[in-house]
Structure formats: structure tokens, C-alpha cells
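**Q** My structure is below; once you've seen it, I'll send some questions.
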Amino acid sequence: MQMTVTNAMRTPNGWQIFEFDRTPYVYEKTSVDAYGNERVEKVYSIAGRKAEFNFMYPNGYYLPTIVESTERYTVVKAEVFANFDDLLPIGIAHARRLFNASDLRYGYAFTEQAETAAIGRALLNAGIGLGFGSEESKEDTAVENGGIAPIAEGSSAEGNSPEKAINAEYAALSTVVTSDAEYAGCTFAKVLGAIHGVTGIRNLLSFLIENGTEDEQVAATVLLAKYPAAPEVKEKKAPAAKAKGAKKADKKDSEPEGESSSQPVSETEASEASEAAPEATPVADEAPESTEPEYDPLAVVIETTESKTLKGNTFGFAVSLATKPEHFLAFLQSLVESGTEAEVKAATALLPEWEEKLAGASLD
């Protein structure tokens, strides 16, 4: 692999030959395939490709454009031009990066990741850095595969040695989802990076364990262990206050028998005691504590839908997958019109909240 490139440039003293050294931008990367075999290759960083492009084309530029952007992913197109007045680019490429909430360092910068990756691939297509391994930085790997190193395409996890247990996780992440309409054709790695929150991930994995193919059931079972359910918080009830009458009764019961009855009381003392004693205030019967649980529309199960993903799951699961207020609001309105009695009640309860979200989104 060539470590230097030359370019002829015009100077006040005439044309001169200049060299660009790639060495500071080349590094070795060790990758592991699905069978645990290590491979070392030399990689030319994207920063090096940019520097070499500026050296080879002083009047050139690259133009990134966002093609599609949602809350879950961004697609960026990059074009590389040799001169400012060129109409046609010398290199074009696209790149997509997914949101990954589990990666606090890089998971939220998926738009920047897509832009950098698209520019790097466009420069490679323009001939900058040919012959070196493709750069896929740790942050790119984390965004694309949920923090787990990817499996080479076409490889299989079957026959892996048992002592390399991590290969089971690799195989699970590379399994393609087919039983879910929304994520059909995507690997588990991309699906996990696209879903917001542990609850949504657990709901989808549980759905695939029950309704998926054999491969999906195995993969979902392996991955479900990575996302434990949140512990239940039990409310502590204050001990009931002891009635005053009960205290007196206890005190009276504790006295030895015959002690109070052995001393006679005169009529005068009895009348004085009755006059001094305050009138007893009638105590209203306390209302019994309500044992009926508070109504939660998110716990209602959805049955009236053609979506394989939502059918049989709760409204809470549907909310965890909702990305656009207008779409989810239309879904709720359809259930109000044609759903079951339980679905109509739940959808009606959720409508005001999502109408406010749609109004807020339109203002933004």
C-alpha cells in the first residue's frame, strides 16, 4: 500500500512536486469474525482522506445533504467535487446511522455519524485511500449494532465452540426479523438500536418469543437477558392508629381481677363523676379502603388492528413504538370509531394527551 502521494502545483517559481504523507492517518485495526478468528488490517482514517483530498484538490469541496431524518435514524448523501465550478461530482455515497439510547457517548449523535460516514465513503469512491481497509470506528459500530461488534455477512454461528459464549449474542444480533411487520427484513442489531427504551425492547422480544420463527425465538431469548425488567416499587402502608377506647380497654384488662370491684362507690361520688365526664362524641364509621385498582388505559390489550406488531399487545407497547403524533392520533381515532368497548375507553382517555403533542409538534 502506497504511504505517500504526489501532486504538481504551480508556485511563483514554476511547477513543483509536493508529497503528502499518509502515515499519521494510517492505523491497524483488529477485528474478530463470528468464529473468534482475529484479523489485522491497515485502515486509512476519514480524517486522512479529507486531508489528502484538500492536498490533491485545493479548490475542491464535499457537500453532505440529509436525505431522510427521523427520531430513530438519519440518512445522509455526500458528493465530492474537484473544483468549485464543477457541475458533476467525482464521488457520491450514502450512509445511514441509527439512534441507540443504550450508548450514552455516541448513540445520540447518529446524524453526525451519518454525515462523517457518507463523506468518508464518497472520498473513497473518488479514489482517495484505495487499497486500505474500510474504517468503521468504535462509535460507528456502537450506533449501527447496539454496542456489539458486527458479524461478517454470510457467516453462520452454527458450529461455534462452546467456550466462546459471546458468539451466541453475535448470532442473535445478526438474525433477521421476519414475523414483525414494522421491522421485517432488519437484523436484531438494527431493531434494538431503533427502539426507544427498555420497555419497548422487552415488549418486542417477548412478542417474538411467543409468535416468531424458531430462529427469532432463540435470538429473542438470548437478547432478553440483556434487558432486565425494572423492579417493582411496593408502597409502604402506615400502621393503623389504635383507637383510644381500645387502649383503655387494654389497660382495664391488664388490671388484676377483683381490684376495681372490691371497693364500693358511693352515690355522691358516682354523680360527681358522671357530671365531670365529657359527653361521648359519636364516631362515624370509617369508609373502607378501596381495593379497586386505578384505571390505566396503557394496560388495555389491542385486538382491533391489522398490525401483527400491535395485535395482542397493550396500548403502552403501542405508545413506546409511536414516533409521529399524527399517525398515532389517527390510530386512536380509528379505535374510537370501530374498536371494542375496552379499546374505545382506552383510546378516548389517551386522545387529549396526543392531541396536545400534535399541537406542540405543529408549533415547533
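Labels for the C-alpha cells follow display order: chains A, B, ..., residues from 1 in each chain, ligands from 1.
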At a cut-off of 8 Å, using only C-alpha atoms, what residues contact segment 10-23 of chain A? Leave out same-chain residues fewer than 6 positions from it and give the result as a PDB file with N, CA and C atoms, in the first residue's frame.
**A**
```pdb
ATOM      1  N   MET A   3       2.173   4.743   0.825  1.00  0.00           N
ATOM      2  CA  MET A   3       2.057   5.588   2.001  1.00  0.00           C
ATOM      3  C   MET A   3       2.256   7.060   1.689  1.00  0.00           C
ATOM      4  N   THR A   4       2.635   7.409   0.445  1.00  0.00           N
ATOM      5  CA  THR A   4       2.776   8.809   0.038  1.00  0.00           C
ATOM      6  C   THR A   4       2.128   9.002  -1.314  1.00  0.00           C
ATOM      7  N   TYR A  44      -7.162   3.432   6.705  1.00  0.00           N
ATOM      8  CA  TYR A  44      -6.885   4.845   6.431  1.00  0.00           C
ATOM      9  C   TYR A  44      -8.071   5.645   6.957  1.00  0.00           C
ATOM     10  N   GLY A  48      -7.762  11.365   7.455  1.00  0.00           N
ATOM     11  CA  GLY A  48      -6.679  11.320   6.475  1.00  0.00           C
ATOM     12  C   GLY A  48      -7.194  11.496   5.059  1.00  0.00           C
ATOM     13  N   GLU A  52      -6.002  14.423   2.533  1.00  0.00           N
ATOM     14  CA  GLU A  52      -5.448  14.109   1.214  1.00  0.00           C
ATOM     15  C   GLU A  52      -6.276  14.750   0.103  1.00  0.00           C
ATOM     16  N   PHE A  55      -5.311  18.232  -0.231  1.00  0.00           N
ATOM     17  CA  PHE A  55      -3.983  18.318  -0.862  1.00  0.00           C
ATOM     18  C   PHE A  55      -4.086  18.115  -2.379  1.00  0.00           C
TER      19      PHE A  55
END
```
**Q** List as an NGL selection string the protein and nucleic acid residues near segment 323-331 of chain A, meaning an atom at most 9 Å away when only C-alpha atoms are counted, but skip any in the same chain fewer than 5 places from it.
**A** :A and (70-72 or 318 or 336 or 347 or 350-351 or 354-355 or 357-358 or 361)
**Q** For N, CA and C atoms, I'd like the residues from the last selection saved as a PDB file, in the first residue's frame.
**A**
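Below is the file part_30.pdb, written as the result:
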```pdb
ATOM      1  N   THR A  70     -35.342  10.972  10.965  1.00  0.00           N
ATOM      2  CA  THR A  70     -36.423  10.711  11.912  1.00  0.00           C
ATOM      3  C   THR A  70     -35.830  10.668  13.309  1.00  0.00           C
ATOM      4  N   GLU A  71     -36.664  10.330  14.282  1.00  0.00           N
ATOM      5  CA  GLU A  71     -36.175  10.207  15.650  1.00  0.00           C
ATOM      6  C   GLU A  71     -35.322   8.965  15.822  1.00  0.00           C
ATOM      7  N   ARG A  72     -35.383   8.044  14.868  1.00  0.00           N
ATOM      8  CA  ARG A  72     -34.686   6.768  15.013  1.00  0.00           C
ATOM      9  C   ARG A  72     -33.438   6.654  14.153  1.00  0.00           C
ATOM     10  N   ALA A 318     -47.838   0.079  22.226  1.00  0.00           N
ATOM     11  CA  ALA A 318     -48.056   0.901  21.034  1.00  0.00           C
ATOM     12  C   ALA A 318     -47.471   2.289  21.219  1.00  0.00           C
ATOM     13  N   VAL A 336     -61.532   4.462  18.389  1.00  0.00           N
ATOM     14  CA  VAL A 336     -62.735   5.061  18.970  1.00  0.00           C
ATOM     15  C   VAL A 336     -63.951   4.757  18.109  1.00  0.00           C
ATOM     16  N   ALA A 347     -58.676   4.411  24.209  1.00  0.00           N
ATOM     17  CA  ALA A 347     -58.315   5.389  23.176  1.00  0.00           C
ATOM     18  C   ALA A 347     -58.870   6.766  23.506  1.00  0.00           C
ATOM     19  N   LEU A 350     -56.673   8.444  26.013  1.00  0.00           N
ATOM     20  CA  LEU A 350     -55.356   8.856  25.519  1.00  0.00           C
ATOM     21  C   LEU A 350     -55.427   9.984  24.494  1.00  0.00           C
ATOM     22  N   LEU A 351     -56.602  10.200  23.883  1.00  0.00           N
ATOM     23  CA  LEU A 351     -56.717  11.205  22.816  1.00  0.00           C
ATOM     24  C   LEU A 351     -56.273  12.615  23.230  1.00  0.00           C
ATOM     25  N   TRP A 354     -52.422  13.066  23.199  1.00  0.00           N
ATOM     26  CA  TRP A 354     -51.774  13.048  21.881  1.00  0.00           C
ATOM     27  C   TRP A 354     -52.226  14.199  20.996  1.00  0.00           C
ATOM     28  N   GLU A 355     -53.398  14.763  21.264  1.00  0.00           N
ATOM     29  CA  GLU A 355     -53.796  15.985  20.561  1.00  0.00           C
ATOM     30  C   GLU A 355     -52.907  17.150  20.975  1.00  0.00           C
ATOM     31  N   LYS A 357     -49.775  16.770  22.026  1.00  0.00           N
ATOM     32  CA  LYS A 357     -48.474  16.531  21.405  1.00  0.00           C
ATOM     33  C   LYS A 357     -48.463  16.960  19.948  1.00  0.00           C
ATOM     34  N   LEU A 358     -49.561  16.700  19.224  1.00  0.00           N
ATOM     35  CA  LEU A 358     -49.627  17.094  17.819  1.00  0.00           C
ATOM     36  C   LEU A 358     -49.636  18.601  17.701  1.00  0.00           C
ATOM     37  N   ALA A 361     -46.132  19.780  18.321  1.00  0.00           N
ATOM     38  CA  ALA A 361     -45.253  19.487  17.188  1.00  0.00           C
ATOM     39  C   ALA A 361     -45.479  20.456  16.043  1.00  0.00           C
TER      40      ALA A 361
END
```
**Q** List the spatial neighbours of segment 172-186 of chain A as a list in words - criterion: any atom at most 6 Å away, only C-alpha atoms, same-chain residues fewer than 4 positions off excluded.
**A**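 Returned residues: Gly212, Ala219 and Thr309 of chain A.
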**Q** Can you pull out the residues contacting Glu68 of chain A? Cut-off 12 Å, using only C-alpha atoms, and skip same-chain residues under 4 positions away; I want them as a list in words.
**A**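 The residues satisfying every condition are Arg72, Tyr73, Thr74, Val75, Val76, Lys77, His94, Ala95, Arg96, Arg97, Leu98, Thr111, Ala114 and Glu115 of chain A.
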**Q** Could you check the closest approach to Ile119 of chain A for each of A:Ala47, A:Leu87, A:Val67, A:Ile302 and tell me which residue wins, using only C-alpha atoms?
**A** A:Ala47
